[in-house]
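Colleague: Just passing along the structure, written as structure tokens.
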Amino acid sequence: MLELPTTLPEGFRYFPGYFDASDQRAMVALLRDVVKQAPLYQPVMPRTGTPFSVQMTNCGSLGWVSDRTGYRYQREHPTTGAPWPPMPEIMLKLWEDVAECLAPPEACLVNFYGEGAKMGLHQDRDESTFEAPVVSVSLGDTALFRVGQTTRGGKTQSITLTSGDVIVFGGAARLCYHGISKVMWGSSPLLSAGGRLNLTLRRVTPF
Ligand code: MD6
Ligand code: FE
């Protein structure tokens, strides 16, 4: 049978190798600073309290958190109570370059994947506006990213994300289901202790 090519909704964009090796090292140094001020923590799923396999933190004026009571954006780190550190300039510049959005991002969620960590299929829909895209940066170990349609159970395709790659979920692709099915542990030398970092830049409030 003829296999039709899978198409993704308009507004999904992929910039392989957007950041070169020296930019990637600079970003890791900035993120080490972020993590000093806002330590990585292990979030849990609403209701069940099941821990995520990734560790998280945020920078920017708002941060995405998950706990037994639900998913939300808040101004403070959930364990230290301190405001999130500011978003580094290089991330604001990335947004200006690829987001095609007049308003700046308010949140940058940082996900850290240690050995065996992955992320189930989900939509990013806790923001109060979907007019702005979500801009995502991959750093460190290579990952298999699964992206589908805006309805659960739609056709999916896999994209290999390597260190320095950027993807944008905008327009009709803003609410596509997506997840990380696998991280190839040890595939990148960027993080000295191994692993993968993913940054997602979001606009949370309407503009
Ligand atoms: C990750 N990314 O790459 C998880 N969300 O580790 C996301 O959940 C994501 O890459 C919205 C838009 C782009 C993304
Ligand atoms: Fe997401």
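Chain identifiers are assigned as A, B, and so on, following the order in which chains appear in the structure tokens; residues are numbered from 1 within each chain, and ligands are numbered from 1 in order of appearance.
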List as a PDB file with C-alpha atoms, in the first residue's frame the protein and nucleic acid residues near Arg25 in chain A, meaning an atom at most 12 Å away when only C-alpha atoms are counted, but skip any in the same chain fewer than 5 places from it.
Modeller:
```pdb
ATOM      1  CA  PHE A  19      23.170  27.110  17.787  1.00  0.00           C
ATOM      2  CA  ASP A  20      26.799  26.249  17.044  1.00  0.00           C
ATOM      3  CA  LEU A  30      24.229  30.476  31.651  1.00  0.00           C
ATOM      4  CA  LEU A  31      22.014  27.552  32.650  1.00  0.00           C
ATOM      5  CA  ARG A  32      24.479  26.456  35.333  1.00  0.00           C
ATOM      6  CA  LEU A 139      21.193  20.824  24.345  1.00  0.00           C
ATOM      7  CA  GLY A 140      23.308  17.756  25.114  1.00  0.00           C
ATOM      8  CA  SER A 163      22.304  19.555  20.507  1.00  0.00           C
ATOM      9  CA  GLY A 164      21.744  23.067  19.170  1.00  0.00           C
ATOM     10  CA  PRO A 189      29.922  15.565  25.130  1.00  0.00           C
ATOM     11  CA  LEU A 190      28.276  18.942  25.907  1.00  0.00           C
ATOM     12  CA  LEU A 191      27.222  18.216  29.501  1.00  0.00           C
ATOM     13  CA  SER A 192      30.197  16.883  31.451  1.00  0.00           C
TER      14      SER A 192
END
```
Colleague: Sort by chain and increasing residue number a table of all residues of chain A within 9 Å of ligand 1, each with its closest pair of atoms and their distance in Å to one decimal, counting only C-alpha atoms and all ligand atoms, and write it as CSV.
Modeller:
```
residue,atom,partner,partner_atom_place_in_ligand_line,distance
A:Val54,CA,ligand 1,6 (O),8.7
A:Val110,CA,ligand 1,6 (O),8.7
A:Asn111,CA,ligand 1,6 (O),6.3
A:Phe112,CA,ligand 1,6 (O),7.9
A:Tyr113,CA,ligand 1,6 (O),7.7
A:Lys118,CA,ligand 1,6 (O),7.7
A:Met119,CA,ligand 1,4 (C),6.9
A:Gly120,CA,ligand 1,8 (O),8.9
A:Leu121,CA,ligand 1,8 (O),8.4
A:His122,CA,ligand 1,8 (O),7.3
A:Gln123,CA,ligand 1,11 (C),7.1
A:Asp124,CA,ligand 1,11 (C),5.7
A:Pro133,CA,ligand 1,12 (C),8.0
A:Val134,CA,ligand 1,12 (C),4.9
A:Val135,CA,ligand 1,13 (C),5.9
A:Ser136,CA,ligand 1,10 (O),4.7
A:Val137,CA,ligand 1,10 (O),7.1
A:Ser138,CA,ligand 1,3 (O),6.4
A:Ala143,CA,ligand 1,3 (O),7.8
A:Leu144,CA,ligand 1,3 (O),8.7
A:Phe145,CA,ligand 1,3 (O),6.7
A:Leu161,CA,ligand 1,3 (O),8.0
A:Val166,CA,ligand 1,10 (O),8.3
A:Ile167,CA,ligand 1,13 (C),6.3
A:Val168,CA,ligand 1,13 (C),6.3
A:Phe169,CA,ligand 1,12 (C),5.4
A:Gly170,CA,ligand 1,12 (C),8.7
A:Arg174,CA,ligand 1,12 (C),7.6
A:Leu175,CA,ligand 1,11 (C),8.2
A:Cys176,CA,ligand 1,11 (C),8.2
A:Tyr177,CA,ligand 1,11 (C),8.5
A:His178,CA,ligand 1,8 (O),6.5
A:Gly179,CA,ligand 1,4 (C),5.9
A:Ile180,CA,ligand 1,6 (O),5.9
A:Arg196,CA,ligand 1,6 (O),8.0
A:Leu197,CA,ligand 1,6 (O),7.1
A:Asn198,CA,ligand 1,6 (O),4.8
A:Leu199,CA,ligand 1,3 (O),7.4
A:Thr200,CA,ligand 1,14 (C),6.1
A:Leu201,CA,ligand 1,12 (C),8.3
A:Arg202,CA,ligand 1,11 (C),8.6
```
Colleague: Convert the current residue selection to file output with C-alpha atoms, as a JSON list (two decimals), in the first residue's frame.
Modeller:
```json
[["chain", "number", "residue", "atom", "x", "y", "z"],
["A", 54, "VAL", "CA", 12.68, 14.79, 34.16],
["A", 110, "VAL", "CA", 14.16, 24.06, 31.68],
["A", 111, "ASN", "CA", 13.81, 20.26, 31.54],
["A", 112, "PHE", "CA", 16.76, 18.07, 32.47],
["A", 113, "TYR", "CA", 16.81, 14.47, 31.25],
["A", 118, "LYS", "CA", 11.52, 10.69, 28.89],
["A", 119, "MET", "CA", 8.32, 12.69, 28.45],
["A", 120, "GLY", "CA", 4.90, 11.39, 27.48],
["A", 121, "LEU", "CA", 2.80, 12.84, 24.67],
["A", 122, "HIS", "CA", 1.23, 16.11, 25.79],
["A", 123, "GLN", "CA", 0.00, 19.48, 24.57],
["A", 124, "ASP", "CA", 1.34, 22.77, 25.93],
["A", 133, "PRO", "CA", 4.40, 30.10, 19.57],
["A", 134, "VAL", "CA", 6.44, 27.84, 21.85],
["A", 135, "VAL", "CA", 10.14, 27.92, 20.96],
["A", 136, "SER", "CA", 12.24, 24.95, 22.03],
["A", 137, "VAL", "CA", 16.03, 24.43, 22.25],
["A", 138, "SER", "CA", 17.78, 21.07, 22.66],
["A", 143, "ALA", "CA", 16.61, 12.71, 21.65],
["A", 144, "LEU", "CA", 13.83, 11.14, 19.65],
["A", 145, "PHE", "CA", 10.99, 13.69, 19.54],
["A", 161, "LEU", "CA", 16.78, 16.35, 17.94],
["A", 166, "VAL", "CA", 15.54, 24.63, 17.65],
["A", 167, "ILE", "CA", 11.89, 23.88, 16.93],
["A", 168, "VAL", "CA", 8.93, 26.22, 16.86],
["A", 169, "PHE", "CA", 5.28, 25.28, 17.48],
["A", 170, "GLY", "CA", 3.27, 28.17, 16.11],
["A", 174, "ARG", "CA", 0.73, 25.42, 18.52],
["A", 175, "LEU", "CA", -1.36, 22.69, 20.17],
["A", 176, "CYS", "CA", 0.18, 19.60, 18.54],
["A", 177, "TYR", "CA", 0.73, 16.59, 20.77],
["A", 178, "HIS", "CA", 4.42, 15.86, 21.31],
["A", 179, "GLY", "CA", 6.81, 14.07, 23.61],
["A", 180, "ILE", "CA", 10.29, 12.64, 24.03],
["A", 196, "ARG", "CA", 19.94, 16.44, 27.91],
["A", 197, "LEU", "CA", 18.54, 19.91, 28.55],
["A", 198, "ASN", "CA", 15.47, 21.25, 26.81],
["A", 199, "LEU", "CA", 14.41, 24.88, 27.05],
["A", 200, "THR", "CA", 10.90, 25.94, 26.09],
["A", 201, "LEU", "CA", 10.20, 29.64, 25.76],
["A", 202, "ARG", "CA", 6.58, 30.68, 26.16]]
```
Colleague: Identify which of the residues A:Ala38, A:Val28, A:Val183, A:Ile159 lies closest to Thr80 in chain A, counting only C-alpha atoms when measuring atom-to-atom distances.
Modeller: A:Ala38
Colleague: Measure the distance from CA of Asp141 in chain A to CA of Glu106 in chain A in Å and round it to one decimal.
Modeller: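 Those two atoms sit 26.4 Å apart.
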Colleague: Per DSSP on the backbone, what are the strand (DSSP E) residues of range 19-197 of chain A, as a PyMOL selection string?
Modeller: chain A and resi 55-60+63-67+70-74+107-113+119-122+134-140+143-147+157-161+166-169+178-183+196-197
Colleague: May I ask which of the residues A:Cys108, A:Ala173, A:Cys101, A:Ala193 is the closest one to Pro206 in chain A, counting only C-alpha atoms?
Modeller: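 Ranking A:Cys108, A:Ala173, A:Cys101, A:Ala193 by distance to Pro206 in chain A, first place goes to A:Cys101.
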Colleague: Within 12 Å of Thr50 in chain A, counting only C-alpha atoms, which residues show up once you throw out same-chain ones fewer than 4 positions away? Write them as a list in words, please.
Modeller: Gln42, Pro43, Val44, Met45, Pro46, Val54, Ser66, Asp67 and Arg68 of chain A
Colleague: Using only C-alpha atoms and all ligand atoms, pick whichever of A:Ala99, A:Trp64, A:Lys182, A:Ala117 has the shortest atom-to-atom distance to ligand 2.
Modeller: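 When distances to ligand 2 are compared using only C-alpha atoms and all ligand atoms, the smallest one comes from A:Trp64.
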Colleague: What is the CA of Thr160 in chain A to CA of Gly17 in chain A distance in Å?
Modeller: 11.8 Å
Colleague: As a ChimeraX atom specification, please: the residues near Ala82 in chain A (cut-off 9 Å, only C-alpha atoms, same-chain neighbours under 5 positions excluded).
Modeller: /A:37-38,75-77
Colleague: Would you export the selected residues with N, CA and C atoms as a CSV table (one decimal), in the first residue's frame, please?
Modeller:
```csv
chain,number,residue,atom,x,y,z
A,37,GLN,N,20.7,29.5,41.2
A,37,GLN,CA,19.7,30.4,41.8
A,37,GLN,C,18.4,29.7,42.0
A,38,ALA,N,18.1,28.8,41.0
A,38,ALA,CA,16.7,28.1,41.0
A,38,ALA,C,17.0,26.7,40.8
A,75,ARG,N,5.2,32.9,39.9
A,75,ARG,CA,6.3,33.8,39.9
A,75,ARG,C,7.5,33.2,40.8
A,76,GLU,N,7.2,32.2,41.6
A,76,GLU,CA,8.2,31.8,42.6
A,76,GLU,C,8.6,30.3,42.3
A,77,HIS,N,9.8,30.0,42.7
A,77,HIS,CA,10.3,28.7,42.7
A,77,HIS,C,9.5,27.9,43.8
```
Colleague: Nearest to ligand 2: which of A:Arg72, A:Lys93, A:Arg125, A:Arg13 is it, counting only C-alpha atoms and all ligand atoms?
Modeller: A:Arg125
Colleague: How far is it from CA of Thr142 in chain A to CA of Ser188 in chain A, in Å with one decimal?
Modeller: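 According to the coordinates, CA of Thr142 in chain A and CA of Ser188 in chain A are separated by 6.9 Å.
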Colleague: DSSP on the backbone, helix (DSSP H, G or I) only: what residues of chain A does that give? Format it as a VMD selection string.
Modeller: chain A and resid 21 to 37 89 to 98 171 to 173
Colleague: Residues within 7 Å of Gln149 in chain A, please, as a list in words. Count only C-alpha atoms; anything in the same chain fewer than 4 positions from it doesn't count.
Modeller: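 Surrounding residues, per the criterion: Leu8, Pro9, Gly154, Lys155, Thr156, Cys176 and Tyr177 of chain A.
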Colleague: Taking 2 positions as the minimum chain separation for residues in the same chain, which residues sit within 8 Å of Ser128 in chain A when counting only C-alpha atoms? Answer as a PyMOL selection string.
Modeller: chain A and resi 126+130+204-206
Colleague: Using C-alpha atoms, can you write the selected residues to a file as a short mmCIF file (atom, residue, chain, number, x, y, z; two decimals), in the first residue's frame?
Modeller:
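Result file result.cif:
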```
data_model
loop_
_atom_site.label_atom_id
_atom_site.label_comp_id
_atom_site.auth_asym_id
_atom_site.auth_seq_id
_atom_site.Cartn_x
_atom_site.Cartn_y
_atom_site.Cartn_z
CA ASP A 126 -1.57 25.99 30.27
CA PHE A 130 -2.03 30.51 22.15
CA VAL A 204 1.87 33.07 29.07
CA THR A 205 -0.39 36.15 29.15
CA PRO A 206 -2.26 37.82 26.27
#
```
